[in-house]
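Visitor: Got a structure for you, my_file.txt, holding compact mmCIF, C-alpha atoms.
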# COMPACT_ATOMS: atom_id res chain seq x y z
CA MET A 1 64.95 108.32 97.22
CA GLU A 2 68.03 106.61 95.83
CA GLN A 3 71.34 107.56 97.39
CA THR A 4 74.09 108.62 95.01
CA VAL A 5 77.57 107.09 95.08
CA PHE A 6 80.53 108.51 93.17
CA VAL A 7 82.83 105.84 91.72
CA ILE A 8 86.20 107.12 90.49
CA ASP A 9 88.67 104.80 88.76
CA ASP A 10 90.71 105.12 85.56
CA SER A 11 89.94 101.50 84.69
CA PRO A 12 86.57 101.22 82.90
CA THR A 13 86.26 97.56 83.90
CA MET A 14 86.72 98.39 87.58
CA ARG A 15 84.20 101.24 87.35
CA GLN A 16 81.76 98.90 85.67
CA MET A 17 82.13 96.22 88.37
CA VAL A 18 81.79 98.64 91.27
CA ALA A 19 78.90 100.51 89.61
CA PHE A 20 77.05 97.24 88.91
CA THR A 21 77.50 96.09 92.51
CA LEU A 22 76.19 99.38 93.87
CA ALA A 23 73.36 99.72 91.35
CA ASN A 24 72.20 96.20 92.25
CA ALA A 25 71.96 97.32 95.85
CA GLY A 26 69.74 100.25 94.84
CA PHE A 27 72.25 103.10 94.63
CA GLN A 28 72.45 105.65 91.87
CA VAL A 29 76.03 105.69 90.57
CA VAL A 30 78.01 108.54 89.03
CA GLU A 31 81.26 107.40 87.38
CA ALA A 32 84.45 109.38 86.74
CA GLY A 33 87.84 108.41 85.29
CA ASN A 34 89.93 110.63 87.58
CA GLY A 35 89.74 113.22 90.34
CA GLN A 36 89.23 116.23 88.09
CA GLU A 37 86.35 114.59 86.25
CA ALA A 38 84.78 113.67 89.60
CA LEU A 39 85.00 117.26 90.87
CA ALA A 40 83.44 118.53 87.64
CA LYS A 41 80.59 116.01 87.89
CA LEU A 42 80.02 116.84 91.54
CA GLU A 43 78.69 120.27 90.58
CA ALA A 44 76.02 118.79 88.30
CA SER A 45 75.02 115.77 90.41
CA PRO A 46 73.06 115.15 93.58
CA GLN A 47 75.04 115.28 96.81
CA PRO A 48 76.78 111.90 97.09
CA ALA A 49 76.18 109.73 100.13
CA LEU A 50 79.48 107.94 99.51
CA VAL A 51 82.62 108.26 97.38
CA VAL A 52 84.63 105.23 96.23
CA THR A 53 87.92 106.18 94.62
CA ASP A 54 91.00 104.55 93.20
CA LEU A 55 94.38 105.87 94.35
CA ASN A 56 96.62 105.98 91.28
CA MET A 57 94.97 107.75 88.37
CA PRO A 58 96.21 110.06 85.63
CA GLY A 59 95.36 113.74 86.11
CA MET A 60 94.20 114.08 89.69
CA ASP A 61 94.95 111.06 91.88
CA GLY A 62 92.79 109.71 94.69
CA LEU A 63 94.60 111.44 97.56
CA SER A 64 94.43 114.87 95.88
CA LEU A 65 90.75 114.29 95.16
CA ILE A 66 90.04 113.45 98.80
CA ARG A 67 91.87 116.60 99.96
CA GLU A 68 89.83 118.70 97.53
CA LEU A 69 86.57 117.06 98.58
CA ARG A 70 87.25 117.58 102.27
CA LYS A 71 87.64 121.31 101.61
CA LEU A 72 84.00 121.44 100.53
CA PRO A 73 81.66 121.95 103.50
CA ALA A 74 79.06 119.57 102.04
CA MET A 75 81.65 116.82 101.67
CA LYS A 76 83.30 117.14 105.07
CA PHE A 77 81.57 114.14 106.61
CA VAL A 78 80.69 112.07 103.52
CA PRO A 79 82.39 108.67 103.79
CA ILE A 80 85.19 108.13 101.27
CA LEU A 81 86.53 104.64 100.54
CA ILE A 82 89.78 104.07 98.70
CA LEU A 83 89.70 100.97 96.47
CA THR A 84 93.22 100.24 95.27
CA THR A 85 95.91 97.64 94.65
CA GLU A 86 98.20 99.64 96.96
CA SER A 87 98.57 98.07 100.37
CA SER A 88 101.56 99.72 102.05
CA ALA A 89 101.12 101.09 105.56
CA ASP A 90 102.67 104.43 104.50
CA LYS A 91 100.11 104.97 101.76
CA LYS A 92 97.28 103.98 104.08
CA ALA A 93 98.53 106.56 106.57
CA GLU A 94 98.53 109.17 103.78
CA GLY A 95 95.00 108.18 102.89
CA ARG A 96 93.88 108.50 106.47
CA SER A 97 95.44 111.92 106.92
CA ALA A 98 93.92 113.10 103.61
CA GLY A 99 90.51 112.28 105.03
CA ALA A 100 89.66 108.79 103.76
CA THR A 101 87.20 106.76 105.79
CA GLY A 102 88.44 103.34 104.75
CA TRP A 103 90.75 101.36 102.50
CA ILE A 104 89.92 98.27 100.45
CA VAL A 105 92.62 96.33 98.63
CA LYS A 106 91.74 95.11 95.11
CA PRO A 107 90.47 92.70 93.98
CA PHE A 108 87.28 93.34 95.89
CA ASN A 109 84.59 90.84 96.74
CA PRO A 110 81.20 92.40 95.87
CA ASP A 111 79.45 90.95 98.94
CA GLN A 112 82.18 92.06 101.32
CA PHE A 113 82.34 95.44 99.58
CA MET A 114 78.62 96.00 100.17
CA LYS A 115 79.02 95.13 103.87
CA VAL A 116 81.68 97.84 104.14
CA VAL A 117 79.45 100.31 102.27
CA GLN A 118 76.56 99.64 104.67
CA LYS A 119 78.91 100.02 107.61
CA VAL A 120 80.27 103.44 106.61
CA LEU A 121 76.99 104.92 105.41
CA PRO A 122 75.11 106.88 108.06
CA ALA A 123 72.05 104.96 109.26
CA MET B 124 95.61 80.79 83.36
CA SER B 125 95.68 84.52 84.05
CA ALA B 126 98.11 84.10 86.95
CA GLY B 127 100.35 81.90 84.77
CA PHE B 128 100.35 84.47 82.01
CA ALA B 129 101.08 87.28 84.41
CA THR B 130 103.92 85.33 86.06
CA MET B 131 105.47 84.43 82.70
CA ALA B 132 105.13 87.95 81.35
CA TRP B 133 106.44 89.40 84.59
CA GLY B 134 109.43 87.02 84.62
CA PHE B 135 110.30 87.83 81.02
CA ILE B 136 109.97 91.55 81.48
CA LEU B 137 111.82 91.60 84.78
CA GLY B 138 114.65 89.61 83.23
CA LEU B 139 114.78 92.01 80.33
CA GLY B 140 114.66 95.02 82.63
CA LEU B 141 117.40 93.73 84.91
CA GLY B 142 119.53 92.77 81.90
CA LEU B 143 119.18 96.20 80.37
CA GLY B 144 119.64 97.76 83.79
CA ALA B 145 122.95 95.95 84.17
CA GLY B 146 123.87 97.20 80.71
CA VAL B 147 123.09 100.78 81.63
CA TRP B 148 125.09 100.45 84.82
CA TRP B 149 128.07 99.13 82.87
CA VAL B 150 127.75 101.81 80.19
CA ALA B 151 127.43 104.42 82.93
CA ARG B 152 130.64 103.13 84.51
CA TRP B 153 132.26 103.07 81.12
CA GLY B 154 131.02 106.61 80.35
CA SER B 155 132.33 107.81 83.67
CA THR B 156 135.71 106.15 83.01
CA SER B 157 135.78 107.70 79.52
CA ARG B 158 135.20 111.18 80.95
CA ASN B 159 138.18 110.73 83.26
CA THR B 160 140.41 109.26 80.56
CA PRO B 161 142.84 111.41 78.57
CA PRO B 162 141.65 112.04 74.94
CA LEU B 163 144.47 109.98 73.43
CA ALA B 164 143.52 106.90 75.45
CA ALA B 165 139.85 107.37 74.47
CA ASN B 166 140.75 106.52 70.90
CA HIS B 167 141.84 103.07 72.01
CA GLU B 168 138.35 101.83 72.59
CA THR B 169 138.38 98.15 73.35
CA ALA B 170 136.24 95.64 71.49
CA GLN B 171 134.17 95.18 74.63
CA GLN B 172 133.53 98.92 74.88
CA ARG B 173 132.52 99.03 71.22
CA ALA B 174 130.15 96.13 71.82
CA TRP B 175 128.54 97.94 74.75
CA ARG B 176 128.26 101.12 72.70
CA GLN B 177 126.52 99.13 69.94
CA LEU B 178 124.23 97.48 72.47
CA ALA B 179 123.27 100.87 73.89
CA ALA B 180 122.58 102.19 70.37
CA ASP B 181 120.42 99.13 69.60
CA ALA B 182 118.54 99.42 72.88
CA VAL B 183 117.28 102.93 72.03
CA PRO B 184 114.90 101.81 69.23
CA LEU B 185 114.30 98.43 70.92
CA ILE B 186 112.70 99.78 74.09
CA PRO B 187 109.86 101.73 72.40
CA ILE B 188 109.02 98.60 70.40
CA LEU B 189 108.78 96.58 73.61
CA THR B 190 106.75 99.23 75.41
CA ARG B 191 104.30 99.53 72.47
CA GLN B 192 103.92 95.73 72.48
CA ILE B 193 103.15 95.74 76.19
CA GLU B 194 100.73 98.66 75.79
CA GLY B 195 99.04 96.76 72.95
CA VAL B 196 98.52 93.76 75.26
CA MET B 197 97.15 96.08 77.95
CA GLU B 198 94.65 97.65 75.54
CA GLN B 199 93.55 94.31 74.10
CA THR B 200 93.02 92.66 77.48
CA GLU B 201 91.13 95.72 78.70
CA THR B 202 88.81 95.69 75.69
CA ALA B 203 88.25 91.94 75.99
CA THR B 204 87.62 92.12 79.75
CA LEU B 205 85.20 94.99 79.30
CA ARG B 206 83.23 92.94 76.74
CA ILE B 207 83.19 89.84 78.95
CA ASN B 208 82.20 91.93 81.93
CA THR B 209 79.41 93.69 80.05
CA GLY B 210 78.04 90.35 78.83
CA ILE B 211 78.19 88.69 82.26
CA LEU B 212 76.59 91.61 84.05
CA ALA B 213 73.85 91.84 81.40
CA ILE B 214 73.07 88.12 81.79
CA ALA B 215 72.89 88.51 85.57
CA ALA B 216 70.63 91.58 85.29
CA ARG B 217 68.34 89.85 82.78
CA ALA B 218 68.03 86.72 84.90
CA GLU B 219 67.18 88.79 87.95
CA SER B 220 64.57 90.82 86.10
CA GLN B 221 62.94 87.68 84.62
CA VAL B 222 62.67 86.07 88.05
CA ALA B 223 61.19 89.28 89.43
CA ARG B 224 58.58 89.30 86.62
CA ILE B 225 57.63 85.68 87.29
CA ARG B 226 57.30 86.39 91.02
CA THR B 227 55.05 89.37 90.28
CA LEU B 228 52.94 87.23 87.95
CA LEU B 229 52.68 84.51 90.58
CA GLU B 230 51.56 87.00 93.24
CA SER B 231 48.87 88.41 90.93
CA LEU B 232 47.63 84.90 90.14
CA LYS B 233 47.51 84.02 93.83
CA ALA B 234 45.39 87.10 94.45
CA ARG B 235 42.74 85.90 91.98
CA PRO B 236 40.07 83.34 92.78
CA ALA B 237 41.56 79.87 92.45
CA HIS B 238 40.70 77.92 89.33
CA PRO B 239 40.78 74.15 89.78
CA ALA B 240 42.41 73.60 86.39
CA PHE B 241 45.25 76.04 87.07
CA PRO B 242 48.24 74.44 88.85
CA ILE B 243 49.19 77.38 91.05
CA GLU B 244 51.28 75.17 93.40
CA THR B 245 53.31 73.89 90.45
CA LEU B 246 53.92 77.45 89.30
CA ALA B 247 54.92 78.47 92.84
CA ALA B 248 57.39 75.57 93.06
CA ALA B 249 58.86 76.45 89.66
CA THR B 250 59.25 80.06 90.78
CA GLU B 251 61.16 78.94 93.87
CA THR B 252 63.45 76.81 91.70
CA LEU B 253 64.04 79.75 89.39
CA THR B 254 64.76 82.03 92.34
CA ALA B 255 67.32 79.55 93.70
CA SER B 256 68.95 79.34 90.26
CA ALA B 257 69.10 83.12 90.07
CA ARG B 258 70.79 83.18 93.48
CA GLU B 259 73.37 80.65 92.27
CA LEU B 260 73.89 82.71 89.14
CA SER B 261 74.46 85.78 91.31
CA SER B 262 77.15 83.89 93.28
CA ASP B 263 78.76 82.81 90.01
CA VAL B 264 78.74 86.44 88.83
CA THR B 265 80.40 87.50 92.09
CA ARG B 266 83.18 84.98 91.50
CA ILE B 267 83.57 86.12 87.88
CA VAL B 268 83.70 89.77 88.94
CA MET B 269 86.48 88.88 91.39
CA ALA B 270 88.39 86.95 88.73
CA LEU B 271 88.05 89.63 86.05
CA GLN B 272 89.75 92.17 88.26
CA PHE B 273 92.99 90.40 87.32
CA GLN B 274 92.95 92.57 84.18
CA ASP B 275 93.17 95.82 86.14
CA ILE B 276 95.89 94.37 88.36
CA THR B 277 97.88 92.95 85.42
CA LYS B 278 97.53 96.25 83.57
CA GLN B 279 99.04 98.10 86.51
CA GLN B 280 101.89 95.59 86.78
CA LEU B 281 102.62 95.99 83.07
CA GLN B 282 102.48 99.79 83.41
CA HIS B 283 105.10 99.44 86.14
CA VAL B 284 107.28 97.76 83.51
CA VAL B 285 106.58 100.28 80.73
CA THR B 286 107.45 103.36 82.80
CA PRO B 287 110.91 102.18 83.96
CA LEU B 288 111.66 100.93 80.44
CA GLU B 289 110.98 104.47 79.20
CA GLN B 290 113.25 105.85 81.93
CA LEU B 291 115.90 103.34 80.91
CA GLN B 292 115.52 104.44 77.30
CA ALA B 293 116.04 108.09 78.28
CA SER B 294 119.20 107.15 80.20
CA ILE B 295 120.60 105.11 77.32
CA GLU B 296 119.80 107.90 74.86
CA ALA B 297 121.73 110.30 77.07
CA LEU B 298 124.69 107.93 77.02
CA VAL B 299 124.55 107.47 73.26
CA ARG B 300 124.44 111.25 72.82
CA GLY B 301 127.55 111.35 74.96
CA ASP B 302 125.91 113.19 77.85
CA GLY B 303 127.01 110.45 80.17
CA LEU B 304 125.34 109.51 83.38
CA GLU B 305 126.02 110.16 87.00
CA ASP B 306 127.49 107.11 88.68
CA ASP B 307 124.46 106.71 90.90
CA LYS B 308 121.97 106.89 88.00
CA ALA B 309 121.58 103.11 87.83
CA SER B 310 120.68 102.90 91.49
CA ASN B 311 118.26 105.81 91.00
CA LEU B 312 116.49 103.77 88.36
CA LEU B 313 116.10 100.92 90.81
CA GLN B 314 114.92 103.32 93.49
CA ALA B 315 112.38 104.85 91.08
CA LEU B 316 111.25 101.35 90.13
CA HIS B 317 110.72 100.41 93.77
CA GLN B 318 108.79 103.61 94.44
CA SER B 319 106.53 103.02 91.43
CA TYR B 320 105.33 99.70 92.81
CA THR B 321 101.93 99.63 94.48
CA MET B 322 101.63 95.93 95.28
CA GLU B 323 103.43 93.94 97.94
CA SER B 324 103.84 91.13 95.40
CA GLU B 325 105.76 93.48 93.07
CA ARG B 326 108.06 94.59 95.88
CA ALA B 327 108.62 90.96 96.85
CA VAL B 328 109.57 90.01 93.27
CA MET B 329 112.05 92.90 93.13
CA ALA B 330 113.57 92.08 96.52
CA HIS B 331 113.99 88.43 95.59
CA SER B 332 115.45 89.28 92.18
CA LEU B 333 117.99 91.71 93.62
CA THR B 334 119.20 89.08 96.07
CA GLY B 335 119.40 86.45 93.34
CA GLN B 336 116.61 84.34 94.77
CA ALA B 337 113.87 82.77 92.69
CA ALA B 338 110.95 85.15 92.27
CA PRO B 339 107.92 84.21 94.37
CA SER B 340 104.75 83.17 92.61
CA ALA B 341 101.78 85.54 92.45
CA GLU B 342 100.21 83.65 95.36
CA THR B 343 103.21 83.45 97.68
CA GLY B 344 104.33 86.94 96.72
CA SER B 345 101.33 88.52 98.32
CA THR B 346 101.39 89.22 102.01
CA ASP B 347 98.68 89.53 104.58
CA GLY B 348 98.45 93.25 103.86
CA ASP B 349 97.44 92.88 100.22
CA ARG B 350 95.24 89.85 100.38
CA GLU B 351 92.09 90.06 98.32
CA GLY B 352 89.53 92.50 99.60
CA HIS B 353 91.53 93.39 102.73
CA VAL B 354 89.63 96.19 104.46
CA THR B 355 90.94 98.89 106.81
CA LEU B 356 88.47 101.33 108.30
CA PHE B 357 90.03 104.50 109.71
CA ALA B 358 87.19 106.19 111.49
CA LEU B 359 83.50 105.63 111.90
In structure tokens, how does this file's structure come out?
Guide:
Amino acid sequence: MEQTVFVIDDSPTMRQMVAFTLANAGFQVVEAGNGQEALAKLEASPQPALVVTDLNMPGMDGLSLIRELRKLPAMKFVPILILTTESSADKKAEGRSAGATGWIVKPFNPDQFMKVVQKVLPA
Amino acid sequence: MSAGFATMAWGFILGLGLGLGAGVWWVARWGSTSRNTPPLAANHETAQQRAWRQLAADAVPLIPILTRQIEGVMEQTETATLRINTGILAIAARAESQVARIRTLLESLKARPAHPAFPIETLAAATETLTASARELSSDVTRIVMALQFQDITKQQLQHVVTPLEQLQASIEALVRGDGLEDDKASNLLQALHQSYTMESERAVMAHSLTGQAAPSAETGSTDGDREGHVTLFAL
């Protein structure tokens, strides 16, 4: 059975690139334009095996989304990757304390991205 | 080309922002001086003060025009990038599916009894060539996907110009209305600008500009921390 990955980014081009990369590797992808949309879609979608989220988005940002997700028992241990242009150590620390599993600075390399995905997904 | 455009646009906009910022600072100083000046003296506005007042009045309608122009560029590049991206990804998907179909066909032919007139080896060799081409195409797509992300990055950089311009507009409007500004308002704008930045290259451009140094290029402006695809894993 295909694993589901949630991809959250306010940029449609970024969502498209990440979704294509994941779909090519056999994942089912659910896209959302911000945190609120992602939470709404979570109720109607299969349990995600992984969440990939941008940081700065209108509505609910990436950090708030991660905090909300970590409150849900089913999402407590699901890996969450932040994919962002932000690279400051302070923001990374915020991401870590919010519950992120990893941080990737844009632009991403699809091959390298998939290696990270395989690394964080439970075997 | 994209980096050149971004650098030029960034240089122009930064110059404009700093120029207007200096104007706001001066008008703020002037407003503060006016508030502390006896009413009689306020009537003796100098030519320079009148010029600054006029500049502030002109800047109010000017800034929304500039921000709309920038937003227009952002929308157009996003639409264009989305179209290019869709086309490229569709080509890659089609190529992959065609190669998969040929491979399936080849396997089914191999499973049948060999016919002397049918050049199965030639077909197998052609399939291998096609597979290698598809692999090359996939690498090309990877490079294109990397390159097209410039649009998202440029859009964010431009948004980091639009937002402070709008803040600047609000400050100038307050001055024109006669509300005045606190003396530290100009430095607050700079602080807000710095806090809005998400890329090391943006912070580097600001730091260099404030110290009067030449702005670093997009390449030299980035640091080890924001190099492409830099990965940090927190816990496994």
Visitor: Report, in Å with one decimal, the straight-line distance from atom CA of Ala170 of chain B to atom CA of Val299 of chain B.
Guide: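 Calculated distance between atom CA of Ala170 of chain B and atom CA of Val299 of chain B is 16.7 Å.
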Visitor: Could you give me, as a tab-separated table, every chain B residue with an atom at most 10 Å from chain A, plus its closest atom pair and distance in Å to one decimal, counting all atoms listed in the file, rows ordered by chain then number?
Guide:
residue	atom	partner	partner_atom	distance
B:Glu201	CA	A:Thr13	CA	7.4
B:Thr202	CA	A:Thr13	CA	8.8
B:Ala203	CA	A:Thr13	CA	9.9
B:Thr204	CA	A:Thr13	CA	7.0
B:Leu205	CA	A:Thr13	CA	5.4
B:Arg206	CA	A:Thr13	CA	9.0
B:Ile207	CA	A:Thr13	CA	9.7
B:Asn208	CA	A:Thr13	CA	7.2
B:Thr209	CA	A:Gln16	CA	8.0
B:Leu212	CA	A:Phe20	CA	7.5
B:Ala213	CA	A:Phe20	CA	9.8
B:Ala216	CA	A:Asn24	CA	8.5
B:Glu219	CA	A:Asn24	CA	9.9
B:Ser262	CA	A:Asp111	CA	9.3
B:Val264	CA	A:Pro110	CA	9.5
B:Thr265	CA	A:Pro110	CA	6.2
B:Arg266	CA	A:Asn109	CA	8.0
B:Val268	CA	A:Met17	CA	6.7
B:Met269	CA	A:Asn109	CA	6.0
B:Ala270	CA	A:Pro107	CA	8.1
B:Leu271	CA	A:Thr13	CA	8.4
B:Gln272	CA	A:Pro107	CA	5.8
B:Phe273	CA	A:Pro107	CA	7.5
B:Gln274	CA	A:Thr13	CA	8.4
B:Asp275	CA	A:Ser11	CA	6.7
B:Ile276	CA	A:Thr85	CA	7.1
B:Lys278	CA	A:Ser11	CA	9.3
B:Gln279	CA	A:Thr85	CA	8.7
B:Tyr320	CA	A:Glu86	CA	8.3
B:Thr321	CA	A:Glu86	CA	4.5
B:Met322	CA	A:Glu86	CA	5.3
B:Glu323	CA	A:Ser87	CA	6.8
B:Thr346	CA	A:Ser87	CA	9.4
B:Asp347	CA	A:Ser87	CA	9.5
B:Gly348	CA	A:Ser87	CA	6.0
B:Asp349	CA	A:Ser87	CA	5.3
B:Arg350	CA	A:Val105	CA	7.2
B:Glu351	CA	A:Pro107	CA	5.3
B:Gly352	CA	A:Phe108	CA	4.4
B:His353	CA	A:Val105	CA	5.2
B:Val354	CA	A:Ile104	CA	4.5
B:Thr355	CA	A:Trp103	CA	5.0
B:Leu356	CA	A:Gly102	CA	4.1
B:Phe357	CA	A:Gly102	CA	5.3
B:Ala358	CA	A:Thr101	CA	5.7
B:Leu359	CA	A:Val120	CA	6.6
Visitor: With only C-alpha atoms as the counted atoms, please give the residues lying no more than 8 Å from Val51 of chain A, apart from itself and same-chain residues fewer than 5 positions off, as a PyMOL selection string.
Guide: chain A and resi 5-8+78-81
Visitor: State, in Å with one decimal place, the distance from atom CA of Glu194 of chain B to atom CA of Gln280 of chain B.
Guide: 11.5 Å
Visitor: Calculate how many Å separate atom CA of Thr277 of chain B from atom CA of Met197 of chain B, rounding to one decimal.
Guide: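 Distance reported for this atom pair: 8.1 Å.
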Visitor: Got a sec: who's within 7 Å of Met57 of chain A, counting only C-alpha atoms, leaving out chain neighbours fewer than 5 positions off, as number ranges by chain?
Guide: A: 9-10, 34, 62
Visitor: So which residues touch Ala98 of chain A within 9 Å, counting only C-alpha atoms, skipping near sequence neighbours fewer than 6 positions away, as a list in words?
Guide: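 Near Ala98 of chain A, the qualifying residues are Leu63, Ser64, Ile66, Arg67 and Arg70 of chain A.
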Visitor: Let me see the file: selected residues, C-alpha atoms, as a CSV table (one decimal), keeping the file's coordinate frame.
Guide:
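What follows is the written file out_12.csv:
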chain,number,residue,atom,x,y,z
A,63,LEU,CA,94.6,111.4,97.6
A,64,SER,CA,94.4,114.9,95.9
A,66,ILE,CA,90.0,113.4,98.8
A,67,ARG,CA,91.9,116.6,100.0
A,70,ARG,CA,87.2,117.6,102.3
Visitor: Box time for segment 253-264 of chain B: axis-aligned, enclosing all its listed atoms, 6 Å extra on each side; report centre and edge lengths in Å to one decimal, as JSON.
Guide:
{"center_x": 71.4, "center_y": 82.9, "center_z": 91.3, "size_x": 26.7, "size_y": 19.1, "size_z": 16.9}
